[in-house]
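As provided, final.cif (mmCIF, N, CA, C and O atoms) reads as follows.
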```cif
data_coords
loop_
_atom_site.group_PDB
_atom_site.id
_atom_site.type_symbol
_atom_site.label_atom_id
_atom_site.label_comp_id
_atom_site.auth_asym_id
_atom_site.auth_seq_id
_atom_site.Cartn_x
_atom_site.Cartn_y
_atom_site.Cartn_z
ATOM 1 N N MET A 350 133.063 -48.868 -25.821
ATOM 2 C CA MET A 350 133.809 -47.696 -25.448
ATOM 3 C C MET A 350 132.908 -46.698 -24.713
ATOM 4 O O MET A 350 133.373 -46.030 -23.808
ATOM 5 N N LEU A 351 131.675 -46.595 -25.133
ATOM 6 C CA LEU A 351 130.768 -45.641 -24.501
ATOM 7 C C LEU A 351 130.517 -46.007 -23.037
ATOM 8 O O LEU A 351 130.540 -45.136 -22.161
ATOM 9 N N ALA A 352 130.317 -47.288 -22.765
ATOM 10 C CA ALA A 352 130.089 -47.722 -21.383
ATOM 11 C C ALA A 352 131.317 -47.437 -20.521
ATOM 12 O O ALA A 352 131.188 -46.978 -19.384
ATOM 13 N N HIS A 353 132.476 -47.685 -21.061
ATOM 14 C CA HIS A 353 133.719 -47.406 -20.327
ATOM 15 C C HIS A 353 133.838 -45.917 -20.038
ATOM 16 O O HIS A 353 134.186 -45.521 -18.920
ATOM 17 N N ASP A 354 133.550 -45.080 -21.029
ATOM 18 C CA ASP A 354 133.611 -43.635 -20.822
ATOM 19 C C ASP A 354 132.632 -43.177 -19.742
ATOM 20 O O ASP A 354 132.959 -42.328 -18.912
ATOM 21 N N LEU A 355 131.424 -43.737 -19.745
ATOM 22 C CA LEU A 355 130.431 -43.368 -18.729
ATOM 23 C C LEU A 355 130.900 -43.747 -17.329
ATOM 24 O O LEU A 355 130.726 -42.969 -16.381
ATOM 25 N N ILE A 356 131.499 -44.907 -17.191
ATOM 26 C CA ILE A 356 131.993 -45.330 -15.884
ATOM 27 C C ILE A 356 133.132 -44.427 -15.423
ATOM 28 O O ILE A 356 133.172 -43.993 -14.271
ATOM 29 N N VAL A 357 134.055 -44.108 -16.315
ATOM 30 C CA VAL A 357 135.186 -43.252 -15.947
ATOM 31 C C VAL A 357 134.716 -41.863 -15.552
ATOM 32 O O VAL A 357 135.154 -41.300 -14.543
ATOM 33 N N TRP A 358 133.793 -41.283 -16.314
ATOM 34 C CA TRP A 358 133.284 -39.947 -15.963
ATOM 35 C C TRP A 358 132.476 -39.985 -14.668
ATOM 36 O O TRP A 358 132.519 -39.054 -13.867
ATOM 37 N N THR A 359 131.738 -41.050 -14.447
ATOM 38 C CA THR A 359 130.998 -41.188 -13.192
ATOM 39 C C THR A 359 131.959 -41.236 -12.021
ATOM 40 O O THR A 359 131.754 -40.562 -11.005
ATOM 41 N N GLN A 360 133.015 -42.011 -12.149
ATOM 42 C CA GLN A 360 133.998 -42.088 -11.067
ATOM 43 C C GLN A 360 134.670 -40.737 -10.844
ATOM 44 O O GLN A 360 134.890 -40.339 -9.705
ATOM 45 N N THR A 361 134.990 -40.039 -11.920
ATOM 46 C CA THR A 361 135.691 -38.762 -11.808
ATOM 47 C C THR A 361 134.816 -37.681 -11.190
ATOM 48 O O THR A 361 135.254 -36.943 -10.306
ATOM 49 N N LEU A 362 133.574 -37.582 -11.636
ATOM 50 C CA LEU A 362 132.716 -36.473 -11.218
ATOM 51 C C LEU A 362 131.864 -36.758 -9.983
ATOM 52 O O LEU A 362 131.556 -35.843 -9.226
ATOM 53 N N LEU A 363 131.467 -38.009 -9.777
ATOM 54 C CA LEU A 363 130.431 -38.274 -8.783
ATOM 55 C C LEU A 363 130.866 -39.112 -7.594
ATOM 56 O O LEU A 363 130.229 -39.049 -6.545
ATOM 57 N N LEU A 364 131.897 -39.898 -7.736
ATOM 58 C CA LEU A 364 132.272 -40.817 -6.665
ATOM 59 C C LEU A 364 133.538 -40.357 -5.962
ATOM 60 O O LEU A 364 134.322 -39.603 -6.514
ATOM 61 N N GLU A 365 133.703 -40.854 -4.754
ATOM 62 C CA GLU A 365 134.919 -40.527 -3.999
ATOM 63 C C GLU A 365 135.370 -41.760 -3.237
ATOM 64 O O GLU A 365 134.638 -42.743 -3.115
ATOM 65 N N GLY A 366 136.586 -41.703 -2.736
ATOM 66 C CA GLY A 366 137.124 -42.795 -1.937
ATOM 67 C C GLY A 366 137.397 -44.037 -2.757
ATOM 68 O O GLY A 366 137.879 -43.965 -3.888
ATOM 69 N N GLU A 367 137.070 -45.178 -2.179
ATOM 70 C CA GLU A 367 137.351 -46.472 -2.806
ATOM 71 C C GLU A 367 136.620 -46.638 -4.140
ATOM 72 O O GLU A 367 137.170 -47.176 -5.098
ATOM 73 N N LEU A 368 135.366 -46.178 -4.219
ATOM 74 C CA LEU A 368 134.591 -46.349 -5.438
ATOM 75 C C LEU A 368 135.127 -45.511 -6.593
ATOM 76 O O LEU A 368 134.943 -45.860 -7.754
ATOM 77 N N ALA A 369 135.802 -44.417 -6.300
ATOM 78 C CA ALA A 369 136.368 -43.580 -7.359
ATOM 79 C C ALA A 369 137.534 -44.274 -8.052
ATOM 80 O O ALA A 369 137.882 -43.915 -9.180
ATOM 81 N N LYS A 370 138.123 -45.270 -7.400
ATOM 82 C CA LYS A 370 139.272 -45.981 -7.960
ATOM 83 C C LYS A 370 138.958 -47.435 -8.293
ATOM 84 O O LYS A 370 139.824 -48.165 -8.738
ATOM 85 N N ALA A 371 137.724 -47.850 -8.082
ATOM 86 C CA ALA A 371 137.355 -49.259 -8.233
ATOM 87 C C ALA A 371 137.329 -49.695 -9.695
ATOM 88 O O ALA A 371 137.102 -48.895 -10.599
ATOM 89 N N GLN A 372 137.521 -50.975 -9.890
ATOM 90 C CA GLN A 372 137.426 -51.578 -11.210
ATOM 91 C C GLN A 372 135.945 -51.665 -11.610
ATOM 92 O O GLN A 372 135.060 -51.708 -10.750
ATOM 93 N N PRO A 373 135.646 -51.714 -12.922
ATOM 94 C CA PRO A 373 134.244 -51.784 -13.370
ATOM 95 C C PRO A 373 133.456 -52.944 -12.766
ATOM 96 O O PRO A 373 132.277 -52.793 -12.457
ATOM 97 N N LYS A 374 134.099 -54.088 -12.572
ATOM 98 C CA LYS A 374 133.397 -55.235 -11.989
ATOM 99 C C LYS A 374 132.895 -54.912 -10.582
ATOM 100 O O LYS A 374 131.776 -55.244 -10.211
ATOM 101 N N ARG A 375 133.711 -54.246 -9.777
ATOM 102 C CA ARG A 375 133.319 -53.877 -8.416
ATOM 103 C C ARG A 375 132.206 -52.822 -8.446
ATOM 104 O O ARG A 375 131.270 -52.872 -7.646
ATOM 105 N N LEU A 376 132.277 -51.868 -9.376
ATOM 106 C CA LEU A 376 131.216 -50.860 -9.487
ATOM 107 C C LEU A 376 129.894 -51.499 -9.877
ATOM 108 O O LEU A 376 128.842 -51.109 -9.375
ATOM 109 N N ARG A 377 129.935 -52.449 -10.788
ATOM 110 C CA ARG A 377 128.702 -53.142 -11.173
ATOM 111 C C ARG A 377 128.081 -53.827 -9.963
ATOM 112 O O ARG A 377 126.874 -53.748 -9.740
ATOM 113 N N TYR A 378 128.894 -54.485 -9.178
ATOM 114 C CA TYR A 378 128.391 -55.205 -8.015
ATOM 115 C C TYR A 378 127.828 -54.250 -6.967
ATOM 116 O O TYR A 378 126.775 -54.497 -6.388
ATOM 117 N N ARG A 379 128.510 -53.141 -6.731
ATOM 118 C CA ARG A 379 128.122 -52.254 -5.637
ATOM 119 C C ARG A 379 127.096 -51.197 -6.026
ATOM 120 O O ARG A 379 126.277 -50.814 -5.199
ATOM 121 N N LEU A 380 127.144 -50.678 -7.235
ATOM 122 C CA LEU A 380 126.263 -49.568 -7.592
ATOM 123 C C LEU A 380 125.196 -49.918 -8.625
ATOM 124 O O LEU A 380 124.080 -49.425 -8.544
ATOM 125 N N LEU A 381 125.527 -50.728 -9.593
ATOM 126 C CA LEU A 381 124.577 -50.986 -10.668
ATOM 127 C C LEU A 381 123.593 -52.103 -10.353
ATOM 128 O O LEU A 381 122.531 -52.165 -10.953
ATOM 129 N N HIS A 382 123.918 -52.958 -9.406
ATOM 130 C CA HIS A 382 122.996 -54.004 -8.973
ATOM 131 C C HIS A 382 122.357 -53.583 -7.653
ATOM 132 O O HIS A 382 122.464 -54.261 -6.643
ATOM 133 N N VAL A 383 121.696 -52.470 -7.677
ATOM 134 C CA VAL A 383 121.166 -51.852 -6.475
ATOM 135 C C VAL A 383 119.778 -52.396 -6.137
ATOM 136 O O VAL A 383 118.988 -52.681 -7.032
ATOM 137 N N ALA A 384 119.530 -52.529 -4.855
ATOM 138 C CA ALA A 384 118.201 -52.911 -4.384
ATOM 139 C C ALA A 384 117.405 -51.629 -4.198
ATOM 140 O O ALA A 384 117.548 -50.929 -3.200
ATOM 141 N N ALA A 385 116.596 -51.289 -5.200
ATOM 142 C CA ALA A 385 115.864 -50.021 -5.165
ATOM 143 C C ALA A 385 114.537 -50.161 -5.896
ATOM 144 O O ALA A 385 114.287 -51.147 -6.591
ATOM 145 N N ARG A 386 113.712 -49.129 -5.738
ATOM 146 C CA ARG A 386 112.423 -49.081 -6.418
ATOM 147 C C ARG A 386 112.282 -47.703 -7.049
ATOM 148 O O ARG A 386 112.527 -46.685 -6.388
ATOM 149 N N LEU A 387 111.906 -47.652 -8.307
ATOM 150 C CA LEU A 387 111.700 -46.392 -9.013
ATOM 151 C C LEU A 387 110.213 -46.085 -8.995
ATOM 152 O O LEU A 387 109.399 -46.881 -9.455
ATOM 153 N N ALA A 388 109.848 -44.927 -8.449
ATOM 154 C CA ALA A 388 108.443 -44.537 -8.335
ATOM 155 C C ALA A 388 108.216 -43.225 -9.078
ATOM 156 O O ALA A 388 109.064 -42.328 -9.049
ATOM 157 N N PHE A 389 107.091 -43.121 -9.756
ATOM 158 C CA PHE A 389 106.746 -41.917 -10.497
ATOM 159 C C PHE A 389 105.541 -41.249 -9.859
ATOM 160 O O PHE A 389 104.566 -41.905 -9.514
ATOM 161 N N SER A 390 105.637 -39.928 -9.727
ATOM 162 C CA SER A 390 104.541 -39.161 -9.158
ATOM 163 C C SER A 390 104.629 -37.735 -9.673
ATOM 164 O O SER A 390 105.661 -37.076 -9.510
ATOM 165 N N GLY A 391 103.569 -37.271 -10.280
ATOM 166 C CA GLY A 391 103.537 -35.892 -10.758
ATOM 167 C C GLY A 391 104.660 -35.568 -11.729
ATOM 168 O O GLY A 391 105.310 -34.531 -11.601
ATOM 169 N N ARG A 392 104.902 -36.442 -12.690
ATOM 170 C CA ARG A 392 105.943 -36.270 -13.710
ATOM 171 C C ARG A 392 107.361 -36.286 -13.155
ATOM 172 O O ARG A 392 108.290 -35.863 -13.806
ATOM 173 N N ARG A 393 107.525 -36.735 -11.951
ATOM 174 C CA ARG A 393 108.859 -36.822 -11.343
ATOM 175 C C ARG A 393 109.136 -38.281 -10.984
ATOM 176 O O ARG A 393 108.259 -38.996 -10.535
ATOM 177 N N ALA A 394 110.376 -38.640 -11.166
ATOM 178 C CA ALA A 394 110.807 -39.984 -10.807
ATOM 179 C C ALA A 394 111.602 -39.907 -9.509
ATOM 180 O O ALA A 394 112.417 -39.001 -9.323
ATOM 181 N N ARG A 395 111.339 -40.845 -8.628
ATOM 182 C CA ARG A 395 112.078 -40.923 -7.361
ATOM 183 C C ARG A 395 112.643 -42.319 -7.224
ATOM 184 O O ARG A 395 111.957 -43.307 -7.483
ATOM 185 N N LEU A 396 113.883 -42.380 -6.801
ATOM 186 C CA LEU A 396 114.546 -43.650 -6.576
ATOM 187 C C LEU A 396 114.568 -43.915 -5.079
ATOM 188 O O LEU A 396 115.156 -43.155 -4.317
ATOM 189 N N HIS A 397 113.907 -44.979 -4.659
ATOM 190 C CA HIS A 397 113.859 -45.363 -3.248
ATOM 191 C C HIS A 397 114.880 -46.479 -3.028
ATOM 192 O O HIS A 397 114.700 -47.594 -3.517
ATOM 193 N N LEU A 398 115.933 -46.167 -2.307
ATOM 194 C CA LEU A 398 116.982 -47.141 -2.023
ATOM 195 C C LEU A 398 116.673 -47.896 -0.747
ATOM 196 O O LEU A 398 116.102 -47.339 0.186
ATOM 197 N N GLN A 399 117.071 -49.138 -0.702
ATOM 198 C CA GLN A 399 116.919 -49.938 0.512
ATOM 199 C C GLN A 399 117.900 -49.416 1.559
ATOM 200 O O GLN A 399 119.100 -49.339 1.323
ATOM 201 N N ARG A 400 117.410 -49.015 2.711
ATOM 202 C CA ARG A 400 118.252 -48.402 3.748
ATOM 203 C C ARG A 400 119.356 -49.319 4.263
ATOM 204 O O ARG A 400 120.416 -48.861 4.643
ATOM 205 N N THR A 401 119.118 -50.598 4.271
ATOM 206 C CA THR A 401 120.108 -51.529 4.807
ATOM 207 C C THR A 401 121.165 -51.920 3.779
ATOM 208 O O THR A 401 122.100 -52.643 4.114
ATOM 209 N N TRP A 402 121.011 -51.461 2.554
ATOM 210 C CA TRP A 402 121.985 -51.783 1.515
ATOM 211 C C TRP A 402 123.283 -51.058 1.830
ATOM 212 O O TRP A 402 123.288 -49.853 2.089
ATOM 213 N N PRO A 403 124.428 -51.734 1.847
ATOM 214 C CA PRO A 403 125.685 -51.146 2.335
ATOM 215 C C PRO A 403 126.167 -49.896 1.590
ATOM 216 O O PRO A 403 126.829 -49.056 2.179
ATOM 217 N N TRP A 404 125.822 -49.734 0.320
ATOM 218 C CA TRP A 404 126.341 -48.603 -0.449
ATOM 219 C C TRP A 404 125.241 -47.602 -0.802
ATOM 220 O O TRP A 404 125.389 -46.804 -1.720
ATOM 221 N N ALA A 405 124.163 -47.592 -0.048
ATOM 222 C CA ALA A 405 123.055 -46.676 -0.327
ATOM 223 C C ALA A 405 123.475 -45.212 -0.176
ATOM 224 O O ALA A 405 123.107 -44.379 -0.993
ATOM 225 N N THR A 406 124.252 -44.900 0.837
ATOM 226 C CA THR A 406 124.649 -43.500 1.038
ATOM 227 C C THR A 406 125.581 -43.027 -0.070
ATOM 228 O O THR A 406 125.468 -41.883 -0.520
ATOM 229 N N GLU A 407 126.489 -43.896 -0.534
ATOM 230 C CA GLU A 407 127.384 -43.512 -1.614
ATOM 231 C C GLU A 407 126.617 -43.233 -2.900
ATOM 232 O O GLU A 407 126.895 -42.266 -3.612
ATOM 233 N N LEU A 408 125.621 -44.074 -3.204
ATOM 234 C CA LEU A 408 124.826 -43.870 -4.417
ATOM 235 C C LEU A 408 123.959 -42.620 -4.293
ATOM 236 O O LEU A 408 123.845 -41.843 -5.242
ATOM 237 N N ALA A 409 123.362 -42.391 -3.134
ATOM 238 C CA ALA A 409 122.551 -41.190 -2.925
ATOM 239 C C ALA A 409 123.416 -39.931 -3.051
ATOM 240 O O ALA A 409 122.989 -38.943 -3.664
ATOM 241 N N THR A 410 124.616 -39.965 -2.519
ATOM 242 C CA THR A 410 125.529 -38.833 -2.639
ATOM 243 C C THR A 410 125.906 -38.594 -4.095
ATOM 244 O O THR A 410 125.986 -37.447 -4.546
ATOM 245 N N ALA A 411 126.132 -39.662 -4.845
ATOM 246 C CA ALA A 411 126.470 -39.523 -6.266
ATOM 247 C C ALA A 411 125.330 -38.864 -7.034
ATOM 248 O O ALA A 411 125.562 -37.994 -7.880
ATOM 249 N N PHE A 412 124.078 -39.245 -6.738
ATOM 250 C CA PHE A 412 122.943 -38.618 -7.409
ATOM 251 C C PHE A 412 122.820 -37.142 -7.026
ATOM 252 O O PHE A 412 122.469 -36.297 -7.858
ATOM 253 N N GLN A 413 123.095 -36.789 -5.779
ATOM 254 C CA GLN A 413 123.060 -35.384 -5.365
ATOM 255 C C GLN A 413 124.129 -34.582 -6.093
ATOM 256 O O GLN A 413 123.887 -33.454 -6.520
ATOM 257 N N ARG A 414 125.315 -35.149 -6.241
ATOM 258 C CA ARG A 414 126.379 -34.464 -6.985
ATOM 259 C C ARG A 414 126.008 -34.302 -8.454
ATOM 260 O O ARG A 414 126.320 -33.298 -9.068
ATOM 261 N N LEU A 415 125.355 -35.306 -9.003
ATOM 262 C CA LEU A 415 124.924 -35.227 -10.397
ATOM 263 C C LEU A 415 123.922 -34.095 -10.591
ATOM 264 O O LEU A 415 124.006 -33.334 -11.561
ATOM 265 N N LYS A 416 122.972 -33.962 -9.667
ATOM 266 C CA LYS A 416 121.993 -32.873 -9.746
ATOM 267 C C LYS A 416 122.648 -31.512 -9.591
ATOM 268 O O LYS A 416 122.175 -30.529 -10.153
ATOM 269 N N ALA A 417 123.758 -31.421 -8.850
ATOM 270 C CA ALA A 417 124.430 -30.144 -8.598
ATOM 271 C C ALA A 417 125.329 -29.708 -9.746
ATOM 272 O O ALA A 417 125.731 -28.538 -9.796
ATOM 273 N N LEU A 418 125.619 -30.600 -10.685
ATOM 274 C CA LEU A 418 126.467 -30.228 -11.826
ATOM 275 C C LEU A 418 125.756 -29.206 -12.699
ATOM 276 O O LEU A 418 124.546 -29.294 -12.914
ATOM 277 N N PRO A 419 126.493 -28.236 -13.238
ATOM 278 C CA PRO A 419 125.864 -27.265 -14.131
ATOM 279 C C PRO A 419 125.435 -27.922 -15.445
ATOM 280 O O PRO A 419 126.089 -28.853 -15.919
ATOM 281 N N ALA A 420 124.354 -27.433 -15.993
ATOM 282 C CA ALA A 420 123.855 -27.969 -17.264
ATOM 283 C C ALA A 420 124.789 -27.566 -18.398
ATOM 284 O O ALA A 420 125.363 -26.475 -18.398
ATOM 285 N N ALA A 421 124.933 -28.469 -19.355
ATOM 286 C CA ALA A 421 125.776 -28.164 -20.526
ATOM 287 C C ALA A 421 125.075 -27.122 -21.381
ATOM 288 O O ALA A 421 123.880 -27.158 -21.591
ATOM 289 N N GLY A 422 125.828 -26.179 -21.845
ATOM 290 C CA GLY A 422 125.214 -25.088 -22.609
ATOM 291 C C GLY A 422 125.630 -25.030 -23.975
ATOM 292 O O GLY A 422 125.691 -25.386 -24.969
#
```
Please express what this file holds, its structure, as structure tokens.
Amino acid sequence: MLAHDLIVWTQTLLLEGELAKAQPKRLRYRLLHVAARLAFSGRRARLHLQRTWPWATELATAFQRLKALPAAG
């Protein structure tokens, strides 16, 4: 149930267009199986996405929206 809730909230808050309405199987294929590299520098983590990956811009936009959300108080 927790995984389902996370996917639904991710679609509601962070995704738009086709991905906002996609089934979990399609989201796993397009967003969770990403060709990327996680790099750490100065206590910060950076996600380097492969530029040629078809859904790189959608995932980068989702992360930007996530950072813009207000913190829970």
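With atom N of Tyr378 in chain A on one side and atom C of Arg393 in chain A on the other, the separation reads 25.6 Å.
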Can you list, as an NGL selection string, all residues belonging to chain A that DSSP tags as strand (DSSP E or B)? :A and (385-390 or 393-398)
Could you give me, as a VMD selection string, each residue of chain A that DSSP assigns to helix (DSSP H, G or I) when run on this structure's backbone? chain A and resid 351 to 362 367 to 370 373 to 381 405 to 417
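A straight line drawn from CA of Gln399 in chain A to CA of Ala417 in chain A is 23.0 Å long.
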So which residues get picked by the PyMOL selection byres (((chain A and resi 380-386 and name CA) around 9) and name CA) here, written as a PDB file with N, CA, C and O atoms, in the coordinates of the input?
```pdb
ATOM      1  N   ARG A 375     133.711 -54.246  -9.777  1.00  0.00           N
ATOM      2  CA  ARG A 375     133.319 -53.877  -8.416  1.00  0.00           C
ATOM      3  C   ARG A 375     132.206 -52.822  -8.446  1.00  0.00           C
ATOM      4  O   ARG A 375     131.270 -52.872  -7.646  1.00  0.00           O
ATOM      5  N   LEU A 376     132.277 -51.868  -9.376  1.00  0.00           N
ATOM      6  CA  LEU A 376     131.216 -50.860  -9.487  1.00  0.00           C
ATOM      7  C   LEU A 376     129.894 -51.499  -9.877  1.00  0.00           C
ATOM      8  O   LEU A 376     128.842 -51.109  -9.375  1.00  0.00           O
ATOM      9  N   ARG A 377     129.935 -52.449 -10.788  1.00  0.00           N
ATOM     10  CA  ARG A 377     128.702 -53.142 -11.173  1.00  0.00           C
ATOM     11  C   ARG A 377     128.081 -53.827  -9.963  1.00  0.00           C
ATOM     12  O   ARG A 377     126.874 -53.748  -9.740  1.00  0.00           O
ATOM     13  N   TYR A 378     128.894 -54.485  -9.178  1.00  0.00           N
ATOM     14  CA  TYR A 378     128.391 -55.205  -8.015  1.00  0.00           C
ATOM     15  C   TYR A 378     127.828 -54.250  -6.967  1.00  0.00           C
ATOM     16  O   TYR A 378     126.775 -54.497  -6.388  1.00  0.00           O
ATOM     17  N   ARG A 379     128.510 -53.141  -6.731  1.00  0.00           N
ATOM     18  CA  ARG A 379     128.122 -52.254  -5.637  1.00  0.00           C
ATOM     19  C   ARG A 379     127.096 -51.197  -6.026  1.00  0.00           C
ATOM     20  O   ARG A 379     126.277 -50.814  -5.199  1.00  0.00           O
ATOM     21  N   LEU A 387     111.906 -47.652  -8.307  1.00  0.00           N
ATOM     22  CA  LEU A 387     111.700 -46.392  -9.013  1.00  0.00           C
ATOM     23  C   LEU A 387     110.213 -46.085  -8.995  1.00  0.00           C
ATOM     24  O   LEU A 387     109.399 -46.881  -9.455  1.00  0.00           O
ATOM     25  N   ALA A 388     109.848 -44.927  -8.449  1.00  0.00           N
ATOM     26  CA  ALA A 388     108.443 -44.537  -8.335  1.00  0.00           C
ATOM     27  C   ALA A 388     108.216 -43.225  -9.078  1.00  0.00           C
ATOM     28  O   ALA A 388     109.064 -42.328  -9.049  1.00  0.00           O
ATOM     29  N   ARG A 395     111.339 -40.845  -8.628  1.00  0.00           N
ATOM     30  CA  ARG A 395     112.078 -40.923  -7.361  1.00  0.00           C
ATOM     31  C   ARG A 395     112.643 -42.319  -7.224  1.00  0.00           C
ATOM     32  O   ARG A 395     111.957 -43.307  -7.483  1.00  0.00           O
ATOM     33  N   LEU A 396     113.883 -42.380  -6.801  1.00  0.00           N
ATOM     34  CA  LEU A 396     114.546 -43.650  -6.576  1.00  0.00           C
ATOM     35  C   LEU A 396     114.568 -43.915  -5.079  1.00  0.00           C
ATOM     36  O   LEU A 396     115.156 -43.155  -4.317  1.00  0.00           O
ATOM     37  N   HIS A 397     113.907 -44.979  -4.659  1.00  0.00           N
ATOM     38  CA  HIS A 397     113.859 -45.363  -3.248  1.00  0.00           C
ATOM     39  C   HIS A 397     114.880 -46.479  -3.028  1.00  0.00           C
ATOM     40  O   HIS A 397     114.700 -47.594  -3.517  1.00  0.00           O
ATOM     41  N   LEU A 398     115.933 -46.167  -2.307  1.00  0.00           N
ATOM     42  CA  LEU A 398     116.982 -47.141  -2.023  1.00  0.00           C
ATOM     43  C   LEU A 398     116.673 -47.896  -0.747  1.00  0.00           C
ATOM     44  O   LEU A 398     116.102 -47.339   0.186  1.00  0.00           O
ATOM     45  N   GLN A 399     117.071 -49.138  -0.702  1.00  0.00           N
ATOM     46  CA  GLN A 399     116.919 -49.938   0.512  1.00  0.00           C
ATOM     47  C   GLN A 399     117.900 -49.416   1.559  1.00  0.00           C
ATOM     48  O   GLN A 399     119.100 -49.339   1.323  1.00  0.00           O
ATOM     49  N   TRP A 402     121.011 -51.461   2.554  1.00  0.00           N
ATOM     50  CA  TRP A 402     121.985 -51.783   1.515  1.00  0.00           C
ATOM     51  C   TRP A 402     123.283 -51.058   1.830  1.00  0.00           C
ATOM     52  O   TRP A 402     123.288 -49.853   2.089  1.00  0.00           O
ATOM     53  N   TRP A 404     125.822 -49.734   0.320  1.00  0.00           N
ATOM     54  CA  TRP A 404     126.341 -48.603  -0.449  1.00  0.00           C
ATOM     55  C   TRP A 404     125.241 -47.602  -0.802  1.00  0.00           C
ATOM     56  O   TRP A 404     125.389 -46.804  -1.720  1.00  0.00           O
ATOM     57  N   ALA A 405     124.163 -47.592  -0.048  1.00  0.00           N
ATOM     58  CA  ALA A 405     123.055 -46.676  -0.327  1.00  0.00           C
ATOM     59  C   ALA A 405     123.475 -45.212  -0.176  1.00  0.00           C
ATOM     60  O   ALA A 405     123.107 -44.379  -0.993  1.00  0.00           O
ATOM     61  N   GLU A 407     126.489 -43.896  -0.534  1.00  0.00           N
ATOM     62  CA  GLU A 407     127.384 -43.512  -1.614  1.00  0.00           C
ATOM     63  C   GLU A 407     126.617 -43.233  -2.900  1.00  0.00           C
ATOM     64  O   GLU A 407     126.895 -42.266  -3.612  1.00  0.00           O
ATOM     65  N   LEU A 408     125.621 -44.074  -3.204  1.00  0.00           N
ATOM     66  CA  LEU A 408     124.826 -43.870  -4.417  1.00  0.00           C
ATOM     67  C   LEU A 408     123.959 -42.620  -4.293  1.00  0.00           C
ATOM     68  O   LEU A 408     123.845 -41.843  -5.242  1.00  0.00           O
TER      69      LEU A 408
END
```
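Note that atom O of Leu363 in chain A and atom C of Ala411 in chain A are 4.9 Å apart.
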